[in-house]
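Heads up, the thing below is written out as structure tokens.
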Amino acid sequence: MKKNTLIFISLYLFCLNLTAQQKDVIRIETQDQAIILTAESDDKVIFQYWGRKVNSTAPFLNRKIKGQPDTSDDFASQLYPAYGGRYYLTPALKLTHADGVLTTELVYINSENKALDNNRTETVVHLRDKLYPVFVDVRFVAYQRENIICQSVEIRHNENKDIKVENLASSYIPLHAESYYLTHFNGTWSSEMLMEEEELTHGIKVIETKKGVRATQSESPSFLLSIDNPANEDTGEVYAGTLAWSGNYKLSFELDETGKLGIISGMNSFASTFTLKAGKKLQTPEMVLAYSAKGTGQISRNYHDWARKYGMMHGNEVNPVILNSWEGAYFTFDEKTLTDMIDSAAKFGVEMFVLDDGWFGNKYPRNGDNAGLGDWQVNTKKLPRGIGYLADYAVNKGIKFGIWIEPEMVNPDSELAKKHPEWIVKSGKRDILPMRNQWLLDLSNPQVQDFVVKTFDDVIALSPNISYIKWDANRHVDNVGSEYLPAGEQAHFWYEYVKGLYSAYERIRAKHPDIQIQLCSSGGGRLEYGALKYHDEFWASDNTNALDRIFIQYGTNIFFPTIATASHVSTSPNHQTGMMTPLKFRFDVAMSGRLGMELQPKDIDSEDYEFATKAIENYKRIRPIVHLGDLYRLVSPYGKNGWASHMFVSKDKKEAVYFAYSLKYHGRTTYLETKLKGLDPQKNYKITELNTRGWNRSFYGDGQVFTGDYLMKVGINLNIGNPFDSSALMLTEE
Ligand code: GLA
């Protein structure tokens, strides 16, 4: 080789190296995972990697992806691709500049990294448009111990006129693998969070809602993505995300021609173009992300740990056993009906009585779902001595008292609807379409926010003995429009409604930090972390049929913890499905969450009464393990064998509780065999069967001691072959 050529090559390599040295490597890390970005001033930020932690990040500086000469030219590998430049896939950001220009090219300014405390690190990557004064911050908060990363985005600008933000995702994730298996969660009223898994093919798969309120009733802003194989409980790489947002959302999974998958998650841009003024900010909700190299079981345990600490209220205190009046009394009750229920609740060992719908409205009494919503005054005919009397009555019996509200809604037949027609969501002069006979109040209006806060305050003020509120929301948005928002900002409704709701939650929580609040929206219609943050628990479904609940809770508990999963024993035949199931089965299912009852106690015969009282006593023993321990799923109800099983293990592994359910008839000679998980192999565990009836036992080893090693390697077998047979076992270290 000629001398000149050699000098040239050396110089070239030297320059390359210099360039490489100017690159920043941005690491977002938790205990077991890392997201790695590389960035160079005035160039695109590259999303290099998300997976297990790596020892050295240096190789990322010169990494080439799929033989492409320069990864910065690769639209799909950017941290936050905007519509502009070499564009070929759905962008995370799309806006129109003040001068009408449609494109944006985001480049790197710098990044900041700081510890928020000894568990949380915040990383903010600052980006700007190459030509326009538009600034985008991509923010990550990494939770070390829980292995969760929250991602969100903020945009602002100094253009001389408004810009139109048409799409602003919370997160964009590029992945590259042989194949991708997506699990998503769909359903409808009474069948929420049912799971479907599919292998993604080229093109775009979209999970979204445009319903605005009750946004998670039919679909969930949550996903599991398993790499190369269908998702497995204990093995394989799994990515997961759940959007913390109570309004319209969209998750899209785009598999491009190079085999890369781009996952975009955030608020739904449909009919929502946001006019952003100079100097103002627009902020996205957080996408709560998780990664596991050991299957979905670990993903769930990470979410549960995170949720108990950061994603809900009072997540480190166990929740009380509740008797809720709804299925036992519906709208038809008087004082005596309720005090009788309270008497029975106290005898059962129940710890709280909750008075559901039907207690308010005088001019338009709430005797059905067609009147009274909005008029939050005690119905004096039904309850002449008021809520104070009932709450005191309960407390004197040694149990707490809670009450139902639905403050965002109004019946046309109500004093409120007549007084404030301007507060109702409506589309100009078009008809307002009722749903469950009710209309929606316009929470984008600060006066409505004040009304909602005042409703909460006033209801709490009905008695110092109210310690729990069930907050419901029983319709979604249609014929959208706000009399409060200006004509040019009607599309802001979707965003401003949710912001108004959060502002009301904030004000309420500032005043009432200790009140327990249940998140309910026709069942699981508002099940996401944007709202759950302000609540103590949620009502996963109006379907209390134990068989259906096994499926609903299986999906729900992938992302949301059991401590927050209100799960009630109701009567048989079940009011939603007509199905008849044994009381033991109903208890064994409900005891995997926050146990409650939702029935008329006086309908229970004496034998069942004794069983229920004993089951509640058992539940109180296992409750700390169910609420605060680790969930291990053993047998999926979606499997072909017609059984389901899972267990909870206390953090110190000294105690565990195991549940199994038979979903069909298995024939006489077939039995369920399961290997247990999460135990300490060195420990000895005594197994005691709970909720037994008479001499019936499902487990041959009741009262015997086994090593953790044996239980996890050999396992146990159970005689639960008939439909709705079930087993509940407690394990205690000997
Ligand atoms: C919704 C809730 C139920 C009950 C009724 C009352 O459907 O999900 O639990 O509170 O409203 O109307």
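The chains in the structure tokens are called A, B, ... from first to last as shown; in each chain the residues are counted from 1, and the ligands are counted from 1 in the order shown.
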Handout entry: Shell of 8 Å around ligand 1 (only C-alpha atoms and all ligand atoms), written as a PyMOL selection string
Key = chain A and resi 326+330+356-358+369+404+470+472-474+520-524+539+541-542
Exercise for the section: Fewer than 6 positions away in the same chain doesn't count, so skip those; otherwise give me all residues within 7 Å of Ser572 in chain A, counting only C-alpha atoms, as a list in words. Expected result: Met579, Met580 and Thr581 of chain A
Residues of the last selection are to be written out with N, CA, C and O atoms, as an mmCIF file, in the first residue's frame.
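Result went into out35.cif, see below:
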data_model
loop_
_atom_site.group_PDB
_atom_site.id
_atom_site.type_symbol
_atom_site.label_atom_id
_atom_site.label_comp_id
_atom_site.auth_asym_id
_atom_site.auth_seq_id
_atom_site.Cartn_x
_atom_site.Cartn_y
_atom_site.Cartn_z
ATOM 1 N N MET A 579 -75.214 -18.479 36.312
ATOM 2 C CA MET A 579 -74.497 -19.722 36.605
ATOM 3 C C MET A 579 -74.541 -20.058 38.093
ATOM 4 O O MET A 579 -74.443 -19.165 38.935
ATOM 5 N N MET A 580 -74.673 -21.344 38.388
ATOM 6 C CA MET A 580 -74.671 -21.761 39.792
ATOM 7 C C MET A 580 -73.311 -22.363 40.136
ATOM 8 O O MET A 580 -72.828 -23.237 39.423
ATOM 9 N N THR A 581 -72.721 -21.878 41.199
ATOM 10 C CA THR A 581 -71.410 -22.405 41.612
ATOM 11 C C THR A 581 -71.408 -22.567 43.130
ATOM 12 O O THR A 581 -72.095 -21.822 43.839
#
Handout entry: Straight-line distance linking CA of Val452 in chain A with CA of Lys429 in chain A, stated in Å to one decimal
Key =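 Interatomic distance, CA of Val452 in chain A to CA of Lys429 in chain A: 25.3 Å.
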Problem - Nearest residue to Asn186 in chain A from the set A:Asn158, A:Thr216, A:Asn232, A:Asn557 (distances using only C-alpha atoms) - result: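 Among A:Asn158, A:Thr216, A:Asn232, A:Asn557, it is A:Thr216 that comes nearest to Asn186 in chain A.
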Problem - Selected residue, from A:Leu676, A:Ala290, A:Leu95, A:Ala391, that lies nearest to Thr273 in chain A when counting only C-alpha atoms - result: A:Leu95
Problem - Neighbour list for Phe333 in chain A as a list in words, cut-off 9 Å, only C-alpha atoms, skip fewer than 2 positions in-chain - result: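 Contacts, in chain order: Ala329, Tyr330, Phe331, Glu335, Lys336, Thr337, Leu338, Gly358, Trp359, Lys382 and Leu383 of chain A.
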Could the residues in this selection be written to a file with N, CA and C atoms, as a tab-separated table (two decimals), in the first residue's frame?
chain	number	residue	atom	x	y	z
A	329	ALA	N	-79.06	-5.32	47.40
A	329	ALA	CA	-80.20	-4.43	47.60
A	329	ALA	C	-80.53	-3.60	46.35
A	330	TYR	N	-79.58	-3.44	45.45
A	330	TYR	CA	-79.73	-2.55	44.29
A	330	TYR	C	-80.30	-1.20	44.76
A	331	PHE	N	-81.38	-0.72	44.09
A	331	PHE	CA	-81.91	0.60	44.46
A	331	PHE	C	-82.98	0.51	45.56
A	335	GLU	N	-83.77	2.23	55.63
A	335	GLU	CA	-82.79	2.19	56.71
A	335	GLU	C	-82.63	0.78	57.28
A	336	LYS	N	-83.77	0.10	57.47
A	336	LYS	CA	-83.75	-1.22	58.10
A	336	LYS	C	-83.02	-2.24	57.23
A	337	THR	N	-83.25	-2.16	55.89
A	337	THR	CA	-82.53	-3.09	55.00
A	337	THR	C	-81.04	-2.97	55.25
A	338	LEU	N	-80.58	-1.73	55.38
A	338	LEU	CA	-79.14	-1.50	55.47
A	338	LEU	C	-78.61	-1.85	56.86
A	358	GLY	N	-78.11	4.70	44.94
A	358	GLY	CA	-79.52	4.72	45.33
A	358	GLY	C	-79.85	5.50	46.59
A	359	TRP	N	-78.87	6.17	47.19
A	359	TRP	CA	-79.09	6.80	48.50
A	359	TRP	C	-79.42	8.30	48.42
A	382	LYS	N	-86.01	7.44	52.01
A	382	LYS	CA	-85.35	6.14	52.26
A	382	LYS	C	-84.56	6.17	53.56
A	383	LEU	N	-83.88	7.28	53.79
A	383	LEU	CA	-82.95	7.34	54.93
A	383	LEU	C	-83.24	8.58	55.78
Problem - Spatial neighbours of Gly100 in chain A, 12 Å, only C-alpha atoms, chain gap at least 5 places, as a list in words - result: Leu95, Tyr132, Glu159, Asn160, Lys161, Asp162, Ile163, Lys164 and Val165 of chain A
Problem - Neighbour list for Leu168 in chain A as a ChimeraX atom specification, cut-off 7 Å, only C-alpha atoms, skip fewer than 5 positions in-chain - result: /A:92-94
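All residues of protein, DNA or RNA that reach within 7 Å of range 110-116 of chain A, judged by only C-alpha atoms and not counting those fewer than 5 positions away in the chain, are A:Thr121, A:Glu122, A:Thr123, A:Val124, A:Val125, A:His126.
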As a compact mmCIF listing (two decimals) with N, CA, C and O atoms, in the first residue's frame, please: every residue in range 136-332 of chain A that DSSP puts in strand (DSSP E).
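Contents of the output file out33.txt:
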# COMPACT_ATOMS: atom_id res chain seq x y z
N VAL A 136 -38.29 19.40 22.37
CA VAL A 136 -38.93 18.18 22.86
C VAL A 136 -38.02 17.55 23.92
O VAL A 136 -36.83 17.35 23.67
N ASP A 137 -38.59 17.27 25.08
CA ASP A 137 -37.85 16.55 26.12
C ASP A 137 -38.41 15.15 26.25
O ASP A 137 -39.61 14.98 26.44
N VAL A 138 -37.53 14.17 26.14
CA VAL A 138 -37.96 12.79 26.38
C VAL A 138 -37.44 12.42 27.77
O VAL A 138 -36.24 12.48 28.03
N ARG A 139 -38.39 12.04 28.63
CA ARG A 139 -38.02 11.85 30.04
C ARG A 139 -38.23 10.39 30.44
O ARG A 139 -39.24 9.77 30.11
N PHE A 140 -37.23 9.87 31.13
CA PHE A 140 -37.34 8.51 31.67
C PHE A 140 -37.16 8.59 33.18
O PHE A 140 -36.27 9.29 33.66
N VAL A 141 -37.98 7.85 33.91
CA VAL A 141 -37.69 7.66 35.33
C VAL A 141 -37.49 6.16 35.53
O VAL A 141 -38.37 5.36 35.20
N ALA A 142 -36.30 5.80 36.02
CA ALA A 142 -35.97 4.38 36.20
C ALA A 142 -36.09 4.02 37.67
O ALA A 142 -35.49 4.68 38.52
N TYR A 143 -36.87 3.00 37.96
CA TYR A 143 -37.08 2.53 39.33
C TYR A 143 -36.21 1.30 39.52
O TYR A 143 -36.51 0.23 38.97
N ILE A 148 -38.77 -1.03 36.77
CA ILE A 148 -39.79 -0.37 35.94
C ILE A 148 -39.17 0.92 35.39
O ILE A 148 -38.41 1.60 36.09
N ILE A 149 -39.51 1.25 34.15
CA ILE A 149 -39.06 2.52 33.56
C ILE A 149 -40.29 3.25 33.03
O ILE A 149 -41.05 2.70 32.24
N CYS A 150 -40.48 4.49 33.49
CA CYS A 150 -41.60 5.29 32.98
C CYS A 150 -41.07 6.29 31.97
O CYS A 150 -40.08 6.98 32.22
N GLN A 151 -41.73 6.35 30.83
CA GLN A 151 -41.30 7.28 29.78
C GLN A 151 -42.41 8.27 29.47
O GLN A 151 -43.59 7.91 29.41
N SER A 152 -42.03 9.54 29.29
CA SER A 152 -43.01 10.55 28.89
C SER A 152 -42.30 11.64 28.10
O SER A 152 -41.07 11.68 28.04
N VAL A 153 -43.08 12.52 27.51
CA VAL A 153 -42.52 13.52 26.60
C VAL A 153 -43.18 14.87 26.85
O VAL A 153 -44.37 14.93 27.20
N GLU A 154 -42.40 15.93 26.66
CA GLU A 154 -42.95 17.28 26.80
C GLU A 154 -42.51 18.08 25.58
O GLU A 154 -41.36 17.99 25.15
N ILE A 155 -43.43 18.90 25.05
CA ILE A 155 -43.07 19.73 23.90
C ILE A 155 -43.39 21.20 24.21
O ILE A 155 -44.37 21.48 24.92
N ARG A 156 -42.56 22.11 23.71
CA ARG A 156 -42.83 23.55 23.82
C ARG A 156 -42.18 24.23 22.62
O ARG A 156 -41.35 23.62 21.93
N HIS A 157 -42.52 25.50 22.38
CA HIS A 157 -41.93 26.17 21.21
C HIS A 157 -41.95 27.68 21.40
O HIS A 157 -42.65 28.21 22.29
N ILE A 163 -48.53 26.51 17.06
CA ILE A 163 -48.28 25.34 16.21
C ILE A 163 -49.40 24.33 16.47
O ILE A 163 -50.08 24.41 17.50
N LYS A 164 -49.59 23.43 15.54
CA LYS A 164 -50.65 22.41 15.70
C LYS A 164 -49.97 21.07 15.96
O LYS A 164 -49.28 20.54 15.08
N VAL A 165 -50.16 20.56 17.16
CA VAL A 165 -49.56 19.26 17.48
C VAL A 165 -50.59 18.18 17.14
O VAL A 165 -51.65 18.11 17.77
N GLU A 166 -50.25 17.38 16.15
CA GLU A 166 -51.23 16.38 15.70
C GLU A 166 -51.01 15.02 16.33
O GLU A 166 -51.92 14.23 16.45
N ASN A 167 -49.78 14.74 16.72
CA ASN A 167 -49.52 13.48 17.42
C ASN A 167 -48.28 13.66 18.29
O ASN A 167 -47.26 14.14 17.82
N LEU A 168 -48.41 13.28 19.55
CA LEU A 168 -47.28 13.38 20.48
C LEU A 168 -47.30 12.12 21.35
O LEU A 168 -48.07 12.03 22.30
N SER A 171 -44.17 7.28 24.16
CA SER A 171 -42.96 6.48 24.02
C SER A 171 -42.91 5.82 22.66
O SER A 171 -43.94 5.50 22.06
N TYR A 172 -41.69 5.69 22.16
CA TYR A 172 -41.43 4.95 20.93
C TYR A 172 -40.36 3.92 21.26
O TYR A 172 -39.35 4.26 21.86
N ILE A 173 -40.61 2.67 20.89
CA ILE A 173 -39.62 1.63 21.19
C ILE A 173 -39.34 0.82 19.93
O ILE A 173 -40.25 0.19 19.38
N PRO A 174 -38.10 0.84 19.46
CA PRO A 174 -37.76 -0.01 18.33
C PRO A 174 -37.13 -1.32 18.84
O PRO A 174 -36.25 -1.30 19.69
N LEU A 175 -37.61 -2.44 18.34
CA LEU A 175 -37.04 -3.73 18.72
C LEU A 175 -36.66 -4.48 17.45
O LEU A 175 -37.23 -4.23 16.38
N HIS A 176 -35.73 -5.41 17.60
CA HIS A 176 -35.35 -6.20 16.44
C HIS A 176 -35.20 -7.65 16.84
O HIS A 176 -34.38 -7.98 17.70
N TYR A 180 -42.26 -11.71 16.78
CA TYR A 180 -42.81 -10.96 17.92
C TYR A 180 -44.20 -11.50 18.22
O TYR A 180 -45.04 -11.60 17.32
N TYR A 181 -44.45 -11.79 19.48
CA TYR A 181 -45.77 -12.28 19.89
C TYR A 181 -46.41 -11.25 20.81
O TYR A 181 -45.90 -10.97 21.89
N LEU A 182 -47.51 -10.71 20.34
CA LEU A 182 -48.18 -9.64 21.08
C LEU A 182 -49.36 -10.22 21.87
O LEU A 182 -50.21 -10.90 21.30
N THR A 183 -49.39 -9.92 23.18
CA THR A 183 -50.58 -10.23 23.97
C THR A 183 -51.27 -8.93 24.27
O THR A 183 -50.64 -7.99 24.79
N HIS A 184 -52.55 -8.85 23.92
CA HIS A 184 -53.31 -7.66 24.25
C HIS A 184 -54.58 -8.06 24.99
O HIS A 184 -54.92 -9.24 25.06
N PHE A 185 -55.27 -7.07 25.53
CA PHE A 185 -56.32 -7.33 26.51
C PHE A 185 -57.60 -6.64 26.05
O PHE A 185 -57.64 -5.42 25.96
N ASN A 186 -58.58 -7.45 25.73
CA ASN A 186 -59.82 -6.90 25.21
C ASN A 186 -61.00 -7.51 25.94
O ASN A 186 -60.84 -8.44 26.71
N LEU A 194 -59.73 -9.72 28.87
CA LEU A 194 -59.51 -11.07 28.35
C LEU A 194 -58.30 -11.03 27.41
O LEU A 194 -58.08 -10.04 26.71
N MET A 195 -57.53 -12.10 27.44
CA MET A 195 -56.24 -12.07 26.73
C MET A 195 -56.29 -12.71 25.35
O MET A 195 -56.95 -13.72 25.17
N GLU A 196 -55.55 -12.10 24.44
CA GLU A 196 -55.36 -12.70 23.12
C GLU A 196 -53.90 -12.56 22.76
O GLU A 196 -53.34 -11.47 22.92
N GLU A 197 -53.31 -13.63 22.26
CA GLU A 197 -51.91 -13.53 21.83
C GLU A 197 -51.83 -13.85 20.35
O GLU A 197 -52.49 -14.75 19.86
N GLU A 198 -51.03 -13.07 19.62
CA GLU A 198 -50.89 -13.31 18.19
C GLU A 198 -49.47 -12.99 17.75
O GLU A 198 -48.81 -12.11 18.33
N GLU A 199 -49.02 -13.71 16.73
CA GLU A 199 -47.72 -13.37 16.16
C GLU A 199 -47.91 -12.19 15.22
O GLU A 199 -48.81 -12.21 14.36
N GLY A 203 -46.93 -4.85 8.71
CA GLY A 203 -48.05 -3.90 8.75
C GLY A 203 -48.21 -3.39 10.17
O GLY A 203 -47.30 -3.50 10.99
N ILE A 204 -49.37 -2.82 10.45
CA ILE A 204 -49.57 -2.19 11.76
C ILE A 204 -50.73 -2.84 12.50
O ILE A 204 -51.82 -2.99 11.95
N LYS A 205 -50.48 -3.21 13.74
CA LYS A 205 -51.54 -3.67 14.63
C LYS A 205 -51.82 -2.54 15.61
O LYS A 205 -50.88 -2.02 16.24
N VAL A 206 -53.07 -2.16 15.74
CA VAL A 206 -53.41 -1.01 16.59
C VAL A 206 -54.36 -1.44 17.71
O VAL A 206 -55.33 -2.15 17.46
N ILE A 207 -54.06 -1.00 18.91
CA ILE A 207 -54.97 -1.16 20.05
C ILE A 207 -55.33 0.26 20.47
O ILE A 207 -54.43 1.04 20.81
N GLU A 208 -56.60 0.61 20.46
CA GLU A 208 -56.92 2.00 20.77
C GLU A 208 -58.32 2.13 21.32
O GLU A 208 -59.15 1.23 21.19
N THR A 209 -58.58 3.28 21.92
CA THR A 209 -59.96 3.65 22.21
C THR A 209 -60.17 5.11 21.82
O THR A 209 -59.24 5.92 21.87
N GLU A 219 -61.04 -2.39 25.79
CA GLU A 219 -59.66 -2.64 25.43
C GLU A 219 -58.79 -1.99 26.50
O GLU A 219 -59.27 -1.14 27.23
N SER A 220 -57.54 -2.40 26.57
CA SER A 220 -56.68 -1.88 27.63
C SER A 220 -55.41 -1.31 27.00
O SER A 220 -54.88 -1.88 26.05
N PRO A 221 -54.92 -0.19 27.55
CA PRO A 221 -53.68 0.38 26.99
C PRO A 221 -52.45 -0.36 27.52
O PRO A 221 -51.48 0.27 27.98
N SER A 222 -52.50 -1.68 27.54
CA SER A 222 -51.44 -2.50 28.11
C SER A 222 -51.06 -3.59 27.11
O SER A 222 -51.93 -4.09 26.40
N PHE A 223 -49.80 -3.97 27.11
CA PHE A 223 -49.40 -5.06 26.20
C PHE A 223 -48.25 -5.86 26.79
O PHE A 223 -47.50 -5.38 27.64
N LEU A 224 -48.14 -7.09 26.30
CA LEU A 224 -46.96 -7.92 26.54
C LEU A 224 -46.41 -8.25 25.17
O LEU A 224 -47.19 -8.55 24.26
N LEU A 225 -45.11 -8.20 25.03
CA LEU A 225 -44.53 -8.54 23.75
C LEU A 225 -43.40 -9.54 23.99
O LEU A 225 -42.39 -9.21 24.59
N SER A 226 -43.63 -10.75 23.52
CA SER A 226 -42.64 -11.79 23.75
C SER A 226 -41.82 -11.96 22.48
O SER A 226 -42.34 -11.92 21.37
N ILE A 227 -40.52 -12.16 22.69
CA ILE A 227 -39.60 -12.21 21.56
C ILE A 227 -39.35 -13.66 21.13
O ILE A 227 -39.03 -14.51 21.96
N VAL A 238 -39.42 -10.80 27.54
CA VAL A 238 -40.74 -10.18 27.40
C VAL A 238 -40.63 -8.68 27.68
O VAL A 238 -39.99 -8.27 28.66
N TYR A 239 -41.26 -7.90 26.82
CA TYR A 239 -41.38 -6.46 27.03
C TYR A 239 -42.84 -6.18 27.38
O TYR A 239 -43.74 -6.86 26.88
N ALA A 240 -43.05 -5.18 28.20
CA ALA A 240 -44.43 -4.87 28.57
C ALA A 240 -44.60 -3.38 28.75
O ALA A 240 -43.62 -2.65 29.03
N GLY A 241 -45.81 -2.93 28.56
CA GLY A 241 -46.09 -1.51 28.78
C GLY A 241 -47.54 -1.31 29.14
O GLY A 241 -48.41 -2.09 28.72
N THR A 242 -47.80 -0.29 29.94
CA THR A 242 -49.18 0.07 30.24
C THR A 242 -49.22 1.59 30.39
O THR A 242 -48.40 2.17 31.10
N LEU A 243 -50.14 2.21 29.67
CA LEU A 243 -50.18 3.66 29.63
C LEU A 243 -51.00 4.21 30.79
O LEU A 243 -52.13 3.77 31.01
N ALA A 244 -50.41 5.19 31.49
CA ALA A 244 -51.11 5.78 32.65
C ALA A 244 -51.93 6.98 32.16
O ALA A 244 -51.51 8.13 32.28
N TYR A 249 -56.51 6.56 23.97
CA TYR A 249 -55.12 6.12 23.80
C TYR A 249 -54.98 5.31 22.53
O TYR A 249 -55.97 4.86 21.94
N LYS A 250 -53.73 5.15 22.14
CA LYS A 250 -53.44 4.33 20.97
C LYS A 250 -52.08 3.68 21.15
O LYS A 250 -51.10 4.36 21.47
N LEU A 251 -52.03 2.38 20.96
CA LEU A 251 -50.76 1.66 20.94
C LEU A 251 -50.65 1.06 19.55
O LEU A 251 -51.58 0.39 19.11
N SER A 252 -49.53 1.32 18.86
CA SER A 252 -49.41 0.70 17.55
C SER A 252 -48.11 -0.07 17.45
O SER A 252 -47.08 0.32 18.01
N PHE A 253 -48.18 -1.18 16.74
CA PHE A 253 -47.05 -2.11 16.60
C PHE A 253 -46.80 -2.27 15.11
O PHE A 253 -47.59 -2.91 14.41
N GLU A 254 -45.74 -1.66 14.64
CA GLU A 254 -45.51 -1.62 13.19
C GLU A 254 -44.28 -2.45 12.84
O GLU A 254 -43.17 -2.14 13.28
N LEU A 255 -44.50 -3.50 12.08
CA LEU A 255 -43.40 -4.38 11.67
C LEU A 255 -42.97 -3.97 10.26
O LEU A 255 -43.75 -4.08 9.31
N LYS A 260 -37.83 -4.89 11.70
CA LYS A 260 -37.85 -4.16 12.96
C LYS A 260 -39.28 -3.85 13.37
O LYS A 260 -40.15 -3.61 12.54
N LEU A 261 -39.47 -3.83 14.69
CA LEU A 261 -40.80 -3.51 15.21
C LEU A 261 -40.73 -2.15 15.91
O LEU A 261 -39.87 -1.94 16.77
N GLY A 262 -41.62 -1.25 15.55
CA GLY A 262 -41.70 0.04 16.24
C GLY A 262 -42.99 0.07 17.05
O GLY A 262 -44.07 -0.13 16.51
N ILE A 263 -42.84 0.30 18.36
CA ILE A 263 -44.04 0.35 19.22
C ILE A 263 -44.25 1.80 19.64
O ILE A 263 -43.37 2.40 20.27
N ILE A 264 -45.38 2.35 19.25
CA ILE A 264 -45.69 3.73 19.63
C ILE A 264 -46.87 3.72 20.58
O ILE A 264 -47.91 3.12 20.28
N SER A 265 -46.72 4.38 21.72
CA SER A 265 -47.80 4.38 22.71
C SER A 265 -48.06 5.80 23.19
O SER A 265 -47.12 6.57 23.40
N GLY A 266 -49.32 6.10 23.38
CA GLY A 266 -49.64 7.42 23.93
C GLY A 266 -51.09 7.76 23.76
O GLY A 266 -51.94 6.90 23.48
N MET A 267 -51.38 9.06 23.94
CA MET A 267 -52.74 9.54 23.76
C MET A 267 -53.14 9.32 22.30
O MET A 267 -52.29 9.42 21.41
N PHE A 274 -53.89 19.50 18.78
CA PHE A 274 -53.75 20.43 19.89
C PHE A 274 -53.06 21.71 19.41
O PHE A 274 -51.96 21.67 18.86
N THR A 275 -53.72 22.84 19.61
CA THR A 275 -53.14 24.13 19.22
C THR A 275 -52.26 24.61 20.37
O THR A 275 -52.78 24.95 21.44
N LEU A 276 -50.97 24.62 20.13
CA LEU A 276 -50.05 24.95 21.23
C LEU A 276 -49.49 26.35 21.05
O LEU A 276 -48.86 26.68 20.03
N LYS A 281 -46.56 24.51 27.41
CA LYS A 281 -46.05 23.14 27.29
C LYS A 281 -47.20 22.17 27.07
O LYS A 281 -48.28 22.38 27.60
N LEU A 282 -46.92 21.12 26.37
CA LEU A 282 -47.87 20.01 26.29
C LEU A 282 -47.13 18.77 26.75
O LEU A 282 -46.03 18.47 26.27
N GLN A 283 -47.76 18.07 27.69
CA GLN A 283 -47.07 16.95 28.30
C GLN A 283 -47.85 15.66 28.06
O GLN A 283 -49.08 15.66 28.15
N GLU A 286 -47.51 9.11 31.18
CA GLU A 286 -46.37 8.20 31.27
C GLU A 286 -46.72 6.83 30.72
O GLU A 286 -47.80 6.31 30.97
N MET A 287 -45.79 6.27 29.99
CA MET A 287 -45.88 4.86 29.59
C MET A 287 -45.05 4.10 30.62
O MET A 287 -43.86 4.40 30.80
N VAL A 288 -45.68 3.16 31.29
CA VAL A 288 -44.99 2.42 32.35
C VAL A 288 -44.46 1.12 31.73
O VAL A 288 -45.24 0.23 31.37
N LEU A 289 -43.14 1.06 31.60
CA LEU A 289 -42.52 -0.03 30.82
C LEU A 289 -41.81 -1.05 31.71
O LEU A 289 -41.25 -0.69 32.76
N ALA A 290 -41.84 -2.29 31.28
CA ALA A 290 -41.13 -3.33 32.03
C ALA A 290 -40.48 -4.28 31.04
O ALA A 290 -40.97 -4.48 29.93
N TYR A 291 -39.37 -4.87 31.46
CA TYR A 291 -38.69 -5.87 30.65
C TYR A 291 -38.27 -7.01 31.56
O TYR A 291 -37.87 -6.78 32.70
N SER A 292 -38.40 -8.22 31.06
CA SER A 292 -37.92 -9.36 31.84
C SER A 292 -37.25 -10.35 30.91
O SER A 292 -37.74 -10.60 29.80
N ILE A 322 -64.99 -6.27 52.69
CA ILE A 322 -66.13 -5.35 52.51
C ILE A 322 -67.42 -6.13 52.21
O ILE A 322 -67.39 -7.16 51.52
N LEU A 323 -68.53 -5.63 52.72
CA LEU A 323 -69.84 -6.04 52.20
C LEU A 323 -70.39 -4.83 51.44
O LEU A 323 -70.57 -3.75 52.01
N ASN A 324 -70.60 -5.01 50.13
CA ASN A 324 -71.13 -3.93 49.29
C ASN A 324 -72.61 -4.18 49.05
O ASN A 324 -73.02 -5.30 48.79
